[in-house]
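Peer 1: Got a structure for you, written out below as structure tokens; questions coming shortly.
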Amino acid sequence: MKIIDILNKKKTTLSFEVFPPKKIENFDSVQQVTEEVAALKPSFMSVTYGAGGGTSEFTLNIAGNIRAKYGVEVVPHLTCVSSTKEDVHRMLQKIRDHGFDNIMALRGDIPKDGAPHNDYHYASELIEDIRAHGNFCIGAACYPEGHVECAHKDEDIRNLKRKVDAGVDFLTTQMFFDNAEFFNFLYRLRENDIRVPVLAGIMPITNAVQLSRSVALSGTSVPTRFREIVDKFGDHPAAMKQAGIIYATEQIVDLIANDVRHIHVYSMNKPDIHVYSMNKPDIAEAIQKNLSEILKI
């Protein structure tokens with residue numbers, strides 16, 4: 001099933017992102033975590049893709065297992081910054097062969113240890129290529145506070161419009177901690193005639209180090225209220241974990257109360273953090289449980 005059909009059919013959706021392992025020796029433990037998240041029966045899940053396609057087989061194996069065992073639709077990610085067109089076309093064929101209808105199309109992070117290939121410079125080019133090579137439902141990323149590499153929000157919106165015009169069916173935001181930023185972003189989208197569904201990306205922050213890493217990578221602003229939570233509980237792991245889940249849940253409740261229909265939860269930001277902190281799907285489970293009645297309305 002295509003994700004756009006799920007988004008159009010369901011009044012409210014709650015989806016989760018999971019990571020494949022970096023190494024084969026971690027595959028079984030990570031697959032178990034993803035199965036336990038899938039057992040919560042989210043609206044759908046997404047599975048990330050390593051830089052340069054380093055985890056591409058793991059991505060498809062994890063995604064296929066989730067769908068086969070639990071009947072949960074999955075969006076495999078595909079990045080292009082370190083790939084040639086031949087690499088991407090080969091991956092598109094694999095995605096098609098596995099029977100997936102959906103792709104999350106991303107430029108990806110520029111690798112620290114090498115130059116990217118020159119075939120793709122922007123996600124919009126990847127989206128055009130995907131659209132030309134199959135009838136996929138295509139998702140793409142967007143940035144409520146502007147892309148960290150983009151100097152001006154207006155320029156970032158213009159770039160986003162290029163992606164949507166290239167064939168995007170839905171958008172998923174970078175994480176944000178201030179709902180006012182997201183509401184302002186939705187207004188700017190409407191002003192620029194961007195009408196596709198937008199999934200609000202929420203990341204539960206469960207330790208102070210994770211917050212520092214996440215902010216450094218994304219440039220996301222942190223409200224004073226949340227900084228005070230981290231200052232108070234950051235040295236107490238159990239308390240910080242609970243406070244982070246509560247904060248994220250309150251964000252989601254506020255979004256749904258303001259008619260935001262689609263929530264996408266980033267289970268963790270990096271695969272190594274994911275394996276360390278998510279050896280049980282307690283964060284996903286806690287959010288799902290806290291929202292169970294709200295999602296019925």
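Lettering and numbering for the structure tokens are positional, with chains as A, B, ... in the shown order, residues counted from 1 in each chain, and ligands counted from 1 in the shown order.
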List as an MDAnalysis selection string the protein and nucleic acid residues near Glu250 of chain A, meaning an atom at most 12 Å away when only C-alpha atoms are counted, but skip any in the same chain fewer than 5 places from it.

Peer 2: chainID A and resid 177:179 202 204 226 243:245 255:257 287 290:291 294

Peer 1: Give me, as a ChimeraX atom specification, all polymer residues having an atom no more than 12 Å from Ser214 of chain A, counting only C-alpha atoms and skipping those fewer than 3 positions away in the same chain.

Peer 2: /A:174-177,202-211,217-222,266,268-270,273

Peer 1: Keeping only C-alpha atoms, take the residues you just selected and write them out as a short mmCIF file (atom, residue, chain, number, x, y, z; two decimals), in the first residue's frame.

Peer 2:
data_model
loop_
_atom_site.label_atom_id
_atom_site.label_comp_id
_atom_site.auth_asym_id
_atom_site.auth_seq_id
_atom_site.Cartn_x
_atom_site.Cartn_y
_atom_site.Cartn_z
CA GLN A 174 13.26 17.39 10.57
CA MET A 175 12.82 17.12 14.33
CA PHE A 176 11.72 20.24 16.18
CA PHE A 177 11.09 21.01 19.84
CA ILE A 202 9.25 14.32 16.72
CA MET A 203 12.36 13.00 18.45
CA PRO A 204 12.10 12.05 22.13
CA ILE A 205 15.32 13.24 23.76
CA THR A 206 16.23 10.83 26.53
CA ASN A 207 19.72 11.99 27.51
CA ALA A 208 21.68 15.23 27.48
CA VAL A 209 24.39 13.94 25.10
CA GLN A 210 21.73 13.03 22.55
CA LEU A 211 20.39 16.59 22.65
CA LEU A 217 23.60 17.97 13.32
CA SER A 218 20.32 19.71 12.59
CA GLY A 219 20.66 23.26 13.89
CA THR A 220 17.28 22.86 15.60
CA SER A 221 16.53 25.47 18.26
CA VAL A 222 15.81 24.33 21.79
CA TYR A 266 12.31 9.38 15.26
CA MET A 268 16.75 7.71 17.75
CA ASN A 269 19.14 9.84 15.70
CA LYS A 270 22.15 7.57 15.13
CA ILE A 273 22.62 5.45 19.92
#

Peer 1: Would you list the contacts of segment 56-68 of chain A as a PDB file with all heavy atoms, in the first residue's frame, taking every protein, DNA or RNA residue within 7 Å and counting only C-alpha atoms, but skipping same-chain residues closer than 3 positions in sequence?

Peer 2:
ATOM      1  N   PRO A  20      18.648   0.348  10.430  1.00  0.00           N
ATOM      2  CA  PRO A  20      19.320  -0.940  10.263  1.00  0.00           C
ATOM      3  C   PRO A  20      20.653  -0.913  11.011  1.00  0.00           C
ATOM      4  O   PRO A  20      21.147   0.159  11.368  1.00  0.00           O
ATOM      5  CB  PRO A  20      19.542  -1.015   8.749  1.00  0.00           C
ATOM      6  CG  PRO A  20      19.714   0.415   8.348  1.00  0.00           C
ATOM      7  CD  PRO A  20      18.805   1.213   9.253  1.00  0.00           C
ATOM      8  N   GLN A  31      17.176  -6.229  14.444  1.00  0.00           N
ATOM      9  CA  GLN A  31      15.932  -6.718  13.854  1.00  0.00           C
ATOM     10  C   GLN A  31      14.892  -7.015  14.925  1.00  0.00           C
ATOM     11  O   GLN A  31      13.700  -6.736  14.746  1.00  0.00           O
ATOM     12  CB  GLN A  31      16.187  -7.983  13.025  1.00  0.00           C
ATOM     13  CG  GLN A  31      14.912  -8.554  12.403  1.00  0.00           C
ATOM     14  CD  GLN A  31      15.200  -9.611  11.360  1.00  0.00           C
ATOM     15  OE1 GLN A  31      15.401  -9.295  10.199  1.00  0.00           O
ATOM     16  NE2 GLN A  31      15.225 -10.857  11.781  1.00  0.00           N
ATOM     17  N   GLU A  35      11.162  -5.387  15.169  1.00  0.00           N
ATOM     18  CA  GLU A  35       9.970  -6.223  15.245  1.00  0.00           C
ATOM     19  C   GLU A  35       9.087  -5.807  16.417  1.00  0.00           C
ATOM     20  O   GLU A  35       7.854  -5.780  16.308  1.00  0.00           O
ATOM     21  CB  GLU A  35      10.363  -7.696  15.390  1.00  0.00           C
ATOM     22  CG  GLU A  35      10.921  -8.317  14.127  1.00  0.00           C
ATOM     23  CD  GLU A  35      11.167  -9.804  14.283  1.00  0.00           C
ATOM     24  OE1 GLU A  35      10.773 -10.377  15.329  1.00  0.00           O
ATOM     25  OE2 GLU A  35      11.751 -10.409  13.358  1.00  0.00           O
ATOM     26  N   ALA A  38       7.301  -2.752  15.460  1.00  0.00           N
ATOM     27  CA  ALA A  38       6.242  -3.101  14.503  1.00  0.00           C
ATOM     28  C   ALA A  38       5.057  -3.763  15.190  1.00  0.00           C
ATOM     29  O   ALA A  38       3.908  -3.585  14.770  1.00  0.00           O
ATOM     30  CB  ALA A  38       6.803  -4.020  13.416  1.00  0.00           C
ATOM     31  N   VAL A  47      12.546   2.952   7.363  1.00  0.00           N
ATOM     32  CA  VAL A  47      13.839   2.340   7.691  1.00  0.00           C
ATOM     33  C   VAL A  47      14.922   3.127   6.971  1.00  0.00           C
ATOM     34  O   VAL A  47      14.884   3.286   5.753  1.00  0.00           O
ATOM     35  CB  VAL A  47      13.889   0.861   7.263  1.00  0.00           C
ATOM     36  CG1 VAL A  47      15.212   0.242   7.692  1.00  0.00           C
ATOM     37  CG2 VAL A  47      12.723   0.076   7.852  1.00  0.00           C
ATOM     38  N   THR A  48      15.907   3.606   7.722  1.00  0.00           N
ATOM     39  CA  THR A  48      16.909   4.501   7.161  1.00  0.00           C
ATOM     40  C   THR A  48      17.918   3.745   6.310  1.00  0.00           C
ATOM     41  O   THR A  48      17.941   2.514   6.247  1.00  0.00           O
ATOM     42  CB  THR A  48      17.635   5.281   8.259  1.00  0.00           C
ATOM     43  OG1 THR A  48      18.370   4.360   9.075  1.00  0.00           O
ATOM     44  CG2 THR A  48      16.654   6.059   9.106  1.00  0.00           C
ATOM     45  N   TYR A  49      18.790   4.507   5.675  1.00  0.00           N
ATOM     46  CA  TYR A  49      19.707   4.014   4.643  1.00  0.00           C
ATOM     47  C   TYR A  49      21.059   4.643   4.894  1.00  0.00           C
ATOM     48  O   TYR A  49      21.173   5.866   4.997  1.00  0.00           O
ATOM     49  CB  TYR A  49      19.152   4.456   3.286  1.00  0.00           C
ATOM     50  CG  TYR A  49      19.860   3.998   2.043  1.00  0.00           C
ATOM     51  CD1 TYR A  49      19.572   2.759   1.483  1.00  0.00           C
ATOM     52  CD2 TYR A  49      20.758   4.819   1.375  1.00  0.00           C
ATOM     53  CE1 TYR A  49      20.170   2.344   0.298  1.00  0.00           C
ATOM     54  CE2 TYR A  49      21.362   4.419   0.190  1.00  0.00           C
ATOM     55  CZ  TYR A  49      21.062   3.172  -0.350  1.00  0.00           C
ATOM     56  OH  TYR A  49      21.647   2.775  -1.524  1.00  0.00           O
ATOM     57  N   GLY A  50      22.108   3.829   5.035  1.00  0.00           N
ATOM     58  CA  GLY A  50      23.431   4.351   5.354  1.00  0.00           C
ATOM     59  C   GLY A  50      24.028   5.181   4.239  1.00  0.00           C
ATOM     60  O   GLY A  50      23.679   5.016   3.068  1.00  0.00           O
ATOM     61  N   GLY A  53      24.938   4.006   0.685  1.00  0.00           N
ATOM     62  CA  GLY A  53      24.282   2.712   0.526  1.00  0.00           C
ATOM     63  C   GLY A  53      24.940   1.610   1.324  1.00  0.00           C
ATOM     64  O   GLY A  53      24.719   0.425   1.052  1.00  0.00           O
ATOM     65  N   GLY A  71       2.559  -7.050   8.890  1.00  0.00           N
ATOM     66  CA  GLY A  71       1.617  -6.390   8.003  1.00  0.00           C
ATOM     67  C   GLY A  71       1.658  -4.879   8.097  1.00  0.00           C
ATOM     68  O   GLY A  71       0.704  -4.203   7.705  1.00  0.00           O
ATOM     69  N   VAL A  72       2.755  -4.340   8.612  1.00  0.00           N
ATOM     70  CA  VAL A  72       2.923  -2.889   8.724  1.00  0.00           C
ATOM     71  C   VAL A  72       3.613  -2.395   7.454  1.00  0.00           C
ATOM     72  O   VAL A  72       4.670  -2.918   7.073  1.00  0.00           O
ATOM     73  CB  VAL A  72       3.756  -2.517   9.966  1.00  0.00           C
ATOM     74  CG1 VAL A  72       4.032  -1.011  10.002  1.00  0.00           C
ATOM     75  CG2 VAL A  72       3.039  -2.965  11.243  1.00  0.00           C
ATOM     76  N   GLU A  73       3.034  -1.390   6.801  1.00  0.00           N
ATOM     77  CA  GLU A  73       3.659  -0.854   5.592  1.00  0.00           C
ATOM     78  C   GLU A  73       4.939  -0.121   5.965  1.00  0.00           C
ATOM     79  O   GLU A  73       5.054   0.463   7.050  1.00  0.00           O
ATOM     80  CB  GLU A  73       2.695   0.076   4.854  1.00  0.00           C
ATOM     81  CG  GLU A  73       3.121   0.389   3.436  1.00  0.00           C
ATOM     82  CD  GLU A  73       3.415  -0.872   2.627  1.00  0.00           C
ATOM     83  OE1 GLU A  73       2.474  -1.625   2.322  1.00  0.00           O
ATOM     84  OE2 GLU A  73       4.606  -1.099   2.320  1.00  0.00           O
ATOM     85  N   VAL A  74       5.920  -0.169   5.060  1.00  0.00           N
ATOM     86  CA  VAL A  74       7.252   0.356   5.349  1.00  0.00           C
ATOM     87  C   VAL A  74       7.717   1.265   4.217  1.00  0.00           C
ATOM     88  O   VAL A  74       7.441   1.008   3.038  1.00  0.00           O
ATOM     89  CB  VAL A  74       8.273  -0.794   5.528  1.00  0.00           C
ATOM     90  CG1 VAL A  74       9.601  -0.247   6.034  1.00  0.00           C
ATOM     91  CG2 VAL A  74       7.738  -1.840   6.490  1.00  0.00           C
ATOM     92  N   PRO A  76      11.236   2.369   2.816  1.00  0.00           N
ATOM     93  CA  PRO A  76      12.702   2.345   2.841  1.00  0.00           C
ATOM     94  C   PRO A  76      13.266   3.688   2.380  1.00  0.00           C
ATOM     95  O   PRO A  76      12.737   4.304   1.458  1.00  0.00           O
ATOM     96  CB  PRO A  76      13.063   1.223   1.858  1.00  0.00           C
ATOM     97  CG  PRO A  76      11.857   1.000   1.024  1.00  0.00           C
ATOM     98  CD  PRO A  76      10.675   1.537   1.751  1.00  0.00           C
TER      99      PRO A  76
END

Peer 1: Please give the complete set of residues from segment 63-282 of chain A that DSSP, run on the backbone, assigns to helix (DSSP H, G or I), formatted as a ChimeraX atom specification.

Peer 2: /A:63-70,85-97,123-132,153-167,179-191,208-218,224-233,237-257,271-277,282

Peer 1: How would the residues just chosen look if you wrote them out with C-alpha atoms as a tab-separated table (two decimals), in the first residue's frame?

Peer 2:
chain	number	residue	atom	x	y	z
A	63	ALA	CA	11.81	-3.45	5.95
A	64	GLY	CA	10.75	-6.70	4.32
A	65	ASN	CA	10.72	-8.54	7.64
A	66	ILE	CA	8.52	-5.88	9.27
A	67	ARG	CA	5.99	-6.02	6.47
A	68	ALA	CA	5.94	-9.81	6.19
A	69	LYS	CA	5.62	-10.56	9.91
A	70	TYR	CA	3.41	-7.71	11.07
A	85	LYS	CA	23.10	7.10	-11.13
A	86	GLU	CA	23.94	3.47	-11.78
A	87	ASP	CA	23.98	2.83	-8.01
A	88	VAL	CA	20.58	4.49	-7.60
A	89	HIS	CA	19.02	2.69	-10.56
A	90	ARG	CA	20.31	-0.62	-9.23
A	91	MET	CA	18.81	0.16	-5.82
A	92	LEU	CA	15.49	1.18	-7.36
A	93	GLN	CA	15.33	-2.20	-9.06
A	94	LYS	CA	16.01	-3.95	-5.75
A	95	ILE	CA	13.27	-1.92	-4.05
A	96	ARG	CA	10.90	-2.83	-6.87
A	97	ASP	CA	11.91	-6.50	-6.69
A	123	ALA	CA	17.30	15.64	-3.46
A	124	SER	CA	15.10	17.11	-6.21
A	125	GLU	CA	17.33	15.42	-8.80
A	126	LEU	CA	16.93	12.07	-7.06
A	127	ILE	CA	13.15	12.58	-6.89
A	128	GLU	CA	12.99	13.28	-10.63
A	129	ASP	CA	14.97	10.09	-11.27
A	130	ILE	CA	12.73	7.97	-9.04
A	131	ARG	CA	9.62	9.39	-10.67
A	132	ALA	CA	11.00	8.49	-14.09
A	153	LYS	CA	14.29	30.41	5.01
A	154	ASP	CA	12.83	31.80	1.79
A	155	GLU	CA	15.55	30.08	-0.21
A	156	ASP	CA	14.91	26.85	1.67
A	157	ILE	CA	11.19	27.02	0.83
A	158	ARG	CA	12.01	27.58	-2.84
A	159	ASN	CA	14.21	24.49	-2.77
A	160	LEU	CA	11.40	22.56	-1.11
A	161	LYS	CA	8.98	23.68	-3.82
A	162	ARG	CA	11.38	22.26	-6.42
A	163	LYS	CA	11.28	18.90	-4.64
A	164	VAL	CA	7.50	18.87	-4.47
A	165	ASP	CA	7.17	19.90	-8.11
A	166	ALA	CA	9.58	17.07	-9.02
A	167	GLY	CA	7.07	14.53	-7.76
A	179	ASN	CA	5.53	23.59	17.95
A	180	ALA	CA	5.26	27.30	17.13
A	181	GLU	CA	8.08	26.81	14.62
A	182	PHE	CA	6.10	24.04	12.94
A	183	PHE	CA	2.85	26.04	12.78
A	184	ASN	CA	4.72	28.97	11.24
A	185	PHE	CA	6.29	26.58	8.74
A	186	LEU	CA	2.88	25.26	7.67
A	187	TYR	CA	1.77	28.84	7.03
A	188	ARG	CA	4.83	29.44	4.80
A	189	LEU	CA	4.08	26.24	2.88
A	190	ARG	CA	0.54	27.39	2.12
A	191	GLU	CA	1.84	30.79	1.05
A	208	ALA	CA	21.68	15.23	27.48
A	209	VAL	CA	24.39	13.94	25.10
A	210	GLN	CA	21.73	13.03	22.55
A	211	LEU	CA	20.39	16.59	22.65
A	212	SER	CA	23.84	18.08	22.00
A	213	ARG	CA	24.44	15.74	19.06
A	214	SER	CA	21.01	16.30	17.58
A	215	VAL	CA	21.25	20.09	17.76
A	216	ALA	CA	24.77	20.05	16.29
A	217	LEU	CA	23.60	17.97	13.32
A	218	SER	CA	20.32	19.71	12.59
A	224	THR	CA	14.12	27.46	27.25
A	225	ARG	CA	11.53	25.15	28.79
A	226	PHE	CA	13.22	22.07	27.37
A	227	ARG	CA	16.74	23.28	28.20
A	228	GLU	CA	15.60	23.63	31.81
A	229	ILE	CA	14.35	20.04	31.74
A	230	VAL	CA	17.73	18.84	30.49
A	231	ASP	CA	19.58	20.98	33.05
A	232	LYS	CA	17.45	19.56	35.86
A	233	PHE	CA	17.35	15.89	34.88
A	237	PRO	CA	19.32	8.92	33.29
A	238	ALA	CA	16.01	7.36	34.37
A	239	ALA	CA	14.46	10.73	35.18
A	240	MET	CA	15.76	12.30	31.93
A	241	LYS	CA	14.36	9.44	29.90
A	242	GLN	CA	10.93	9.81	31.46
A	243	ALA	CA	11.00	13.61	31.12
A	244	GLY	CA	12.01	13.34	27.45
A	245	ILE	CA	9.15	10.98	26.69
A	246	ILE	CA	6.69	13.23	28.52
A	247	TYR	CA	7.90	16.31	26.63
A	248	ALA	CA	7.61	14.56	23.26
A	249	THR	CA	4.16	13.22	24.14
A	250	GLU	CA	2.98	16.70	25.16
A	251	GLN	CA	4.29	18.04	21.85
A	252	ILE	CA	2.30	15.43	19.95
A	253	VAL	CA	-0.88	16.07	21.97
A	254	ASP	CA	-0.62	19.78	21.23
A	255	LEU	CA	-0.05	19.12	17.52
A	256	ILE	CA	-3.07	16.82	17.26
A	257	ALA	CA	-5.21	19.30	19.24
A	271	PRO	CA	22.34	3.79	14.74
A	272	ASP	CA	24.84	3.42	17.60
A	273	ILE	CA	22.62	5.45	19.92
A	274	HIS	CA	19.64	3.44	18.70
A	275	VAL	CA	21.24	0.09	19.57
A	276	TYR	CA	22.39	1.37	22.96
A	277	SER	CA	19.16	3.02	24.02
A	282	ASP	CA	10.11	1.28	25.48

Peer 1: One number please: atom CA of Lys9 of chain A to atom CA of Phe44 of chain A, in Å, one decimal.

Peer 2: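 That distance, rounded to one decimal, is 12.8 Å.
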
Peer 1: Hey, what does DSSP flag as strand (DSSP E) within segment 119-276 of chain A? Can you give it to me as a count of residues only?

Peer 2: 20

Peer 1: Could you please determine the separation between atom CA of Gly134 of chain A and atom CA of Val196 of chain A in Å, to one decimal place?

Peer 2: 19.7 Å

Peer 1: With only C-alpha atoms as the atoms that count, which of A:Thr173, A:Ser82, A:Ser46, A:Gln288 lies nearest to Gly108 of chain A?

Peer 2: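 The shortest atom-to-atom distance to Gly108 of chain A comes from A:Ser82.
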
Peer 1: So how far away is atom CA of Tyr143 of chain A from atom CA of Pro197 of chain A, in Å?

Peer 2: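 Between atom CA of Pro197 of chain A and atom CA of Tyr143 of chain A the gap works out to 14.2 Å.
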